[in-house]
Amino acid sequence: MNIILEYIGRHFIPLFLLLTASVFAIFCLGLFLRERRRTRQAELSVWGERGFYQSFSANKQEFFLLIQKSDLRILYISPNFQGMTGMDAELVRADIEALKNMVSPKTAREIVKQLKEWDRVQELKLEFDYRIVGQQELAHGHAVIHPEGKNDCYLVIFGDITEDYQARSAMKAELKQAYQESQAKTDFLSKMSHEIRTPMNGILGMLSLAKVHVKDPEQTNYYLDRAKSLSQFLLTLINDILDMSRIESGKMELEKAVFDLFAVAEKLDSMFRSTTEAKNLQWDVQMQDFDVCRVVGDELRMTQVIINFISNAVKFTPAGGAVTVTFRQMHKIDGNLHLMIRVRDTGKGIKSDFISRIFRPFEQEDASTAHHYGGSGLGMAIADNIVKLMNGQIIVESEEGKGTEFVVYISLPIAEGDQTVPESWKDVRPVEDAGDRKKAIEEFTLDGVHILLAEDNDVNAEIAMEIMEMEGAILERACDGLEAVRMFAESPVKGYDAILMDIQMPNMTGWEAAAEIRKLTRPDADIPIFAMSANAFVEDKRRSIEVGMNGHISKPVDYDEVRQRLGEALLK
């Protein structure tokens, strides 16, 4: 037995211990590997969270704060806070009140008020301007505060939405402007409708009265004269409305032609001298400091502006007052003449609160102005826009009861060639007995003049033919441009003395017809051709000349003008 025990002790116990040690080693290895896997998973989790937080650090548009509810202590502040605000993150962490430095005191009070009214259940959204430290311009921020459920903290996510805010503001401004423009157009159309219907009502009424009193020539003539006067006012209004429409659409063009400033002064004197004398007004036109007189520009539009100011001055100045028009050469710079044109009166003046509105369409000082003085309220708006198209400026000075002064500053290119300046604008006044030609034109009649009239509108053709035939003219009508070319081509040489050509006609326009007539190989292909059309804009008149016409007469037709233009062309 002893021998057996001794054998077991010598051989099996060490083996048992070895087996036990091996099992323990395997167990420890398993624990190690399991712990290693857990650690690795923990590390991966930590790296994921770190990546999540680092994404905030890289984000230049948002940062977030974690704030403890109980004492409003900042538990966490994202690393990109300082980069977005320019503020020291540690300073803010130490004292949350430092956040108020981002905004103005007024904004801070508004935010505090909203926080006090917050129910702490729903998220709170705030928008406000804030200033980044070191920058002058304000940025715009958007903050969302989450209550975070049962947790004892608030999550504040702040975003810089400056670009979006600016885009929204721009869109709102554009929408507001579009609304204002739409409303302005609605108001314009409403006022235009009123202004057109008023004289139209008068015209129709006067014609009805004339028809009723047709057996009383004196009364009939009175009503017809009144209807004609209202028609002329309506035509002026329509022209003003068309001018405003073209100005607002950017389609008004300015002529560039050589004209004489002294001749403009002479025309203005001829136009207003008799009117001012009849009203017992002192009238004077002055030319000051000129050493050049011929410039390049749109004489018609410049004169239109001055006439508007003079008309108002004469209208609002009582008898015994004075109206003075002054042209003054200011400077000559780089081939341009800097010009001042002043219209001064001693009239009733303009109320100070109306001066700021005087250039708005349809604006008049008060409701009684149109009733007592007439006018559409468009003249000033047109004048202002014409001067702006000329890159000029209008200055208005007025005092109630003492008078008004309109001053226009414009710059016009100096024309090439002779610049002999007369001593006075009176030196360019036409002499009454200038010669036989002028007298002959004044005495010219249409008796025996053979005219080809191209007009597609039956009413217009009937009116033109009857009025001119009453003076002895012989007219033949073509209903479109194509027929006008055929009739002229088939007529004997010198069969027609002149052609009056409408523009907008079917088959062939008046411009096309005139060009075709000029191409004909006939000795009389240079026959006087005048456009007689409702196309009345500068570019229309320019095109008529470009296609070879002798002139352009606008509708409604002034038949005295037709007679004069034909006389000028035929009496060579």
# chains A, B, ... in the order shown; residues from 1 in each chain; ligands from 1
$ residues_around --residues "A:Lys494" --least-positions-apart "2" --cutoff "10 Å" --atoms "only C-alpha atoms" --output "PyMOL selection string"
chain A and resi 450+488+491-492+496-498+522-525+527
$ write_last_selection --atoms "all heavy atoms" --output "short mmCIF file (atom, residue, chain, number, x, y, z; two decimals), in the first residue's frame"
data_model
loop_
_atom_site.label_atom_id
_atom_site.label_comp_id
_atom_site.auth_asym_id
_atom_site.auth_seq_id
_atom_site.Cartn_x
_atom_site.Cartn_y
_atom_site.Cartn_z
N HIS A 450 -53.54 117.72 -106.91
CA HIS A 450 -53.95 116.33 -107.11
C HIS A 450 -53.20 115.46 -106.10
O HIS A 450 -51.96 115.35 -106.16
CB HIS A 450 -53.63 115.90 -108.54
CG HIS A 450 -54.37 114.68 -108.95
ND1 HIS A 450 -54.36 114.18 -110.24
CD2 HIS A 450 -55.19 113.82 -108.26
CE1 HIS A 450 -55.11 113.09 -110.31
NE2 HIS A 450 -55.62 112.86 -109.11
N PHE A 488 -49.80 104.68 -108.16
CA PHE A 488 -48.79 105.66 -108.56
C PHE A 488 -48.01 105.16 -109.77
O PHE A 488 -47.76 105.93 -110.73
CB PHE A 488 -47.83 105.94 -107.41
CG PHE A 488 -46.74 106.91 -107.78
CD1 PHE A 488 -47.01 108.27 -107.83
CD2 PHE A 488 -45.46 106.47 -108.12
CE1 PHE A 488 -46.02 109.18 -108.19
CE2 PHE A 488 -44.47 107.37 -108.48
CZ PHE A 488 -44.75 108.73 -108.51
N SER A 491 -50.02 105.60 -112.93
CA SER A 491 -50.49 106.95 -113.24
C SER A 491 -49.55 107.63 -114.24
O SER A 491 -48.37 107.27 -114.37
CB SER A 491 -50.56 107.79 -111.97
OG SER A 491 -49.25 108.04 -111.48
N PRO A 492 -50.05 108.62 -114.99
CA PRO A 492 -49.17 109.37 -115.89
C PRO A 492 -48.10 110.12 -115.09
O PRO A 492 -48.29 110.41 -113.90
CB PRO A 492 -50.12 110.35 -116.58
CG PRO A 492 -51.48 109.86 -116.32
CD PRO A 492 -51.44 109.09 -115.05
N TYR A 496 -49.85 112.90 -110.13
CA TYR A 496 -50.13 113.30 -108.75
C TYR A 496 -49.13 114.38 -108.33
O TYR A 496 -47.95 114.33 -108.71
CB TYR A 496 -50.00 112.12 -107.79
CG TYR A 496 -51.02 111.02 -108.00
CD1 TYR A 496 -50.65 109.79 -108.53
CD2 TYR A 496 -52.36 111.22 -107.68
CE1 TYR A 496 -51.58 108.78 -108.73
CE2 TYR A 496 -53.30 110.23 -107.88
CZ TYR A 496 -52.91 109.00 -108.41
OH TYR A 496 -53.82 108.02 -108.62
N ASP A 497 -49.62 115.33 -107.54
CA ASP A 497 -48.72 116.38 -107.02
C ASP A 497 -48.09 115.96 -105.70
O ASP A 497 -46.98 116.41 -105.37
CB ASP A 497 -49.50 117.68 -106.81
CG ASP A 497 -50.03 118.25 -108.11
OD1 ASP A 497 -49.21 118.39 -109.06
OD2 ASP A 497 -51.24 118.51 -108.19
N ALA A 498 -48.78 115.12 -104.91
CA ALA A 498 -48.27 114.71 -103.60
C ALA A 498 -48.98 113.45 -103.15
O ALA A 498 -50.07 113.10 -103.67
CB ALA A 498 -48.46 115.82 -102.57
N ARG A 522 -38.91 106.43 -112.52
CA ARG A 522 -39.77 107.45 -113.12
C ARG A 522 -39.20 108.82 -112.77
O ARG A 522 -38.64 109.00 -111.68
CB ARG A 522 -41.20 107.39 -112.58
CG ARG A 522 -41.94 106.13 -112.76
CD ARG A 522 -43.27 106.15 -112.02
NE ARG A 522 -44.04 107.38 -112.12
CZ ARG A 522 -45.28 107.46 -112.59
NH1 ARG A 522 -45.89 106.37 -113.05
NH2 ARG A 522 -45.93 108.60 -112.63
N PRO A 523 -39.37 109.78 -113.61
CA PRO A 523 -38.84 111.12 -113.31
C PRO A 523 -39.54 111.77 -112.11
O PRO A 523 -38.97 112.67 -111.49
CB PRO A 523 -39.10 111.91 -114.60
CG PRO A 523 -40.17 111.16 -115.34
CD PRO A 523 -39.96 109.72 -114.97
N ASP A 524 -40.75 111.31 -111.80
CA ASP A 524 -41.47 111.90 -110.67
C ASP A 524 -41.44 110.99 -109.43
O ASP A 524 -42.29 111.12 -108.54
CB ASP A 524 -42.91 112.25 -111.05
CG ASP A 524 -43.68 111.01 -111.50
OD1 ASP A 524 -43.05 109.95 -111.70
OD2 ASP A 524 -44.93 111.11 -111.65
N ALA A 525 -40.46 110.08 -109.34
CA ALA A 525 -40.35 109.20 -108.17
C ALA A 525 -39.96 109.97 -106.91
O ALA A 525 -40.02 109.44 -105.80
CB ALA A 525 -39.35 108.09 -108.43
N ILE A 527 -41.62 112.47 -105.88
CA ILE A 527 -42.85 113.17 -105.51
C ILE A 527 -42.91 113.39 -103.99
O ILE A 527 -42.49 112.53 -103.21
CB ILE A 527 -44.08 112.35 -105.97
CG1 ILE A 527 -45.39 113.08 -105.65
CG2 ILE A 527 -44.08 110.95 -105.35
CD1 ILE A 527 -46.63 112.40 -106.22
#
$ closest_atom_pairs --of "stretch 285-322 of chain A" --to "stretch 535-552 of chain A" --cutoff "12 Å" --atoms "only C-alpha atoms" --output "JSON lines"
{"residue": "A:Asp298", "atom": "CA", "partner": "A:Val538", "partner_atom": "CA", "distance": 9.7}
{"residue": "A:Glu299", "atom": "CA", "partner": "A:Val538", "partner_atom": "CA", "distance": 11.4}
{"residue": "A:Leu300", "atom": "CA", "partner": "A:Val538", "partner_atom": "CA", "distance": 9.4}
{"residue": "A:Arg301", "atom": "CA", "partner": "A:Val538", "partner_atom": "CA", "distance": 9.8}
$ write_last_selection --atoms "N, CA and C atoms" --output "PDB file, in the first residue's frame"
ATOM      1  N   ASP A 298     -32.164 116.605 -77.903  1.00  0.00           N
ATOM      2  CA  ASP A 298     -33.568 116.507 -78.285  1.00  0.00           C
ATOM      3  C   ASP A 298     -34.244 117.841 -77.986  1.00  0.00           C
ATOM      4  N   GLU A 299     -34.306 118.693 -79.001  1.00  0.00           N
ATOM      5  CA  GLU A 299     -34.901 120.021 -78.824  1.00  0.00           C
ATOM      6  C   GLU A 299     -36.362 119.925 -78.407  1.00  0.00           C
ATOM      7  N   LEU A 300     -37.106 119.001 -79.029  1.00  0.00           N
ATOM      8  CA  LEU A 300     -38.531 118.881 -78.738  1.00  0.00           C
ATOM      9  C   LEU A 300     -38.771 118.535 -77.278  1.00  0.00           C
ATOM     10  N   ARG A 301     -38.043 117.530 -76.755  1.00  0.00           N
ATOM     11  CA  ARG A 301     -38.273 117.106 -75.372  1.00  0.00           C
ATOM     12  C   ARG A 301     -37.782 118.165 -74.376  1.00  0.00           C
TER      13      ARG A 301
END
$ residues_around --residues "A:Pro147" --least-positions-apart "4" --cutoff "12 Å" --atoms "only C-alpha atoms" --output "count of residues only"
19
$ closest_residue --among "A:Gly159, A:Gly250, A:Gly401, A:Gly86" --to "A:Ile145" --atoms "only C-alpha atoms"
A:Gly159
$ select_by_dssp --residues "stretch 472-537 of chain A" --states "strand (DSSP E or B)" --output "list in words"
Ile474, Leu475, Glu476, Arg477, Ala478, Ala498, Ile499, Leu500, Met501, Ile529, Phe530, Ala531, Met532 and Ser533 of chain A
$ residues_around --residues "A:Pro506" --least-positions-apart "2" --cutoff "9 Å" --atoms "only C-alpha atoms" --output "PDB file with N, CA, C and O atoms, in the first residue's frame"
ATOM      1  N   ASP A 456     -56.446 103.170 -94.952  1.00  0.00           N
ATOM      2  CA  ASP A 456     -57.284 101.969 -94.883  1.00  0.00           C
ATOM      3  C   ASP A 456     -58.544 102.175 -94.055  1.00  0.00           C
ATOM      4  O   ASP A 456     -59.504 101.414 -94.171  1.00  0.00           O
ATOM      5  N   CYS A 479     -56.532 101.914-100.582  1.00  0.00           N
ATOM      6  CA  CYS A 479     -56.935 101.326 -99.299  1.00  0.00           C
ATOM      7  C   CYS A 479     -55.788 100.649 -98.555  1.00  0.00           C
ATOM      8  O   CYS A 479     -55.966 100.216 -97.413  1.00  0.00           O
ATOM      9  N   ASP A 480     -54.631 100.509 -99.184  1.00  0.00           N
ATOM     10  CA  ASP A 480     -53.465  99.973 -98.476  1.00  0.00           C
ATOM     11  C   ASP A 480     -52.204 100.392 -99.223  1.00  0.00           C
ATOM     12  O   ASP A 480     -52.270 100.999-100.311  1.00  0.00           O
ATOM     13  N   GLY A 481     -51.046 100.070 -98.667  1.00  0.00           N
ATOM     14  CA  GLY A 481     -49.784 100.482 -99.268  1.00  0.00           C
ATOM     15  C   GLY A 481     -49.535  99.857-100.622  1.00  0.00           C
ATOM     16  O   GLY A 481     -48.998 100.503-101.535  1.00  0.00           O
ATOM     17  N   LEU A 482     -49.935  98.592-100.776  1.00  0.00           N
ATOM     18  CA  LEU A 482     -49.725  97.898-102.048  1.00  0.00           C
ATOM     19  C   LEU A 482     -50.508  98.575-103.167  1.00  0.00           C
ATOM     20  O   LEU A 482     -49.998  98.782-104.284  1.00  0.00           O
ATOM     21  N   GLN A 504     -49.797 102.335 -90.689  1.00  0.00           N
ATOM     22  CA  GLN A 504     -50.280 100.992 -90.360  1.00  0.00           C
ATOM     23  C   GLN A 504     -51.427 100.602 -91.283  1.00  0.00           C
ATOM     24  O   GLN A 504     -52.578 100.931 -91.039  1.00  0.00           O
ATOM     25  N   MET A 508     -49.285  96.088 -97.111  1.00  0.00           N
ATOM     26  CA  MET A 508     -48.008  96.797 -97.160  1.00  0.00           C
ATOM     27  C   MET A 508     -48.122  98.074 -96.348  1.00  0.00           C
ATOM     28  O   MET A 508     -49.077  98.839 -96.520  1.00  0.00           O
ATOM     29  N   THR A 509     -47.182  98.305 -95.434  1.00  0.00           N
ATOM     30  CA  THR A 509     -47.233  99.512 -94.607  1.00  0.00           C
ATOM     31  C   THR A 509     -46.890 100.739 -95.443  1.00  0.00           C
ATOM     32  O   THR A 509     -46.333 100.646 -96.542  1.00  0.00           O
TER      33      THR A 509
END
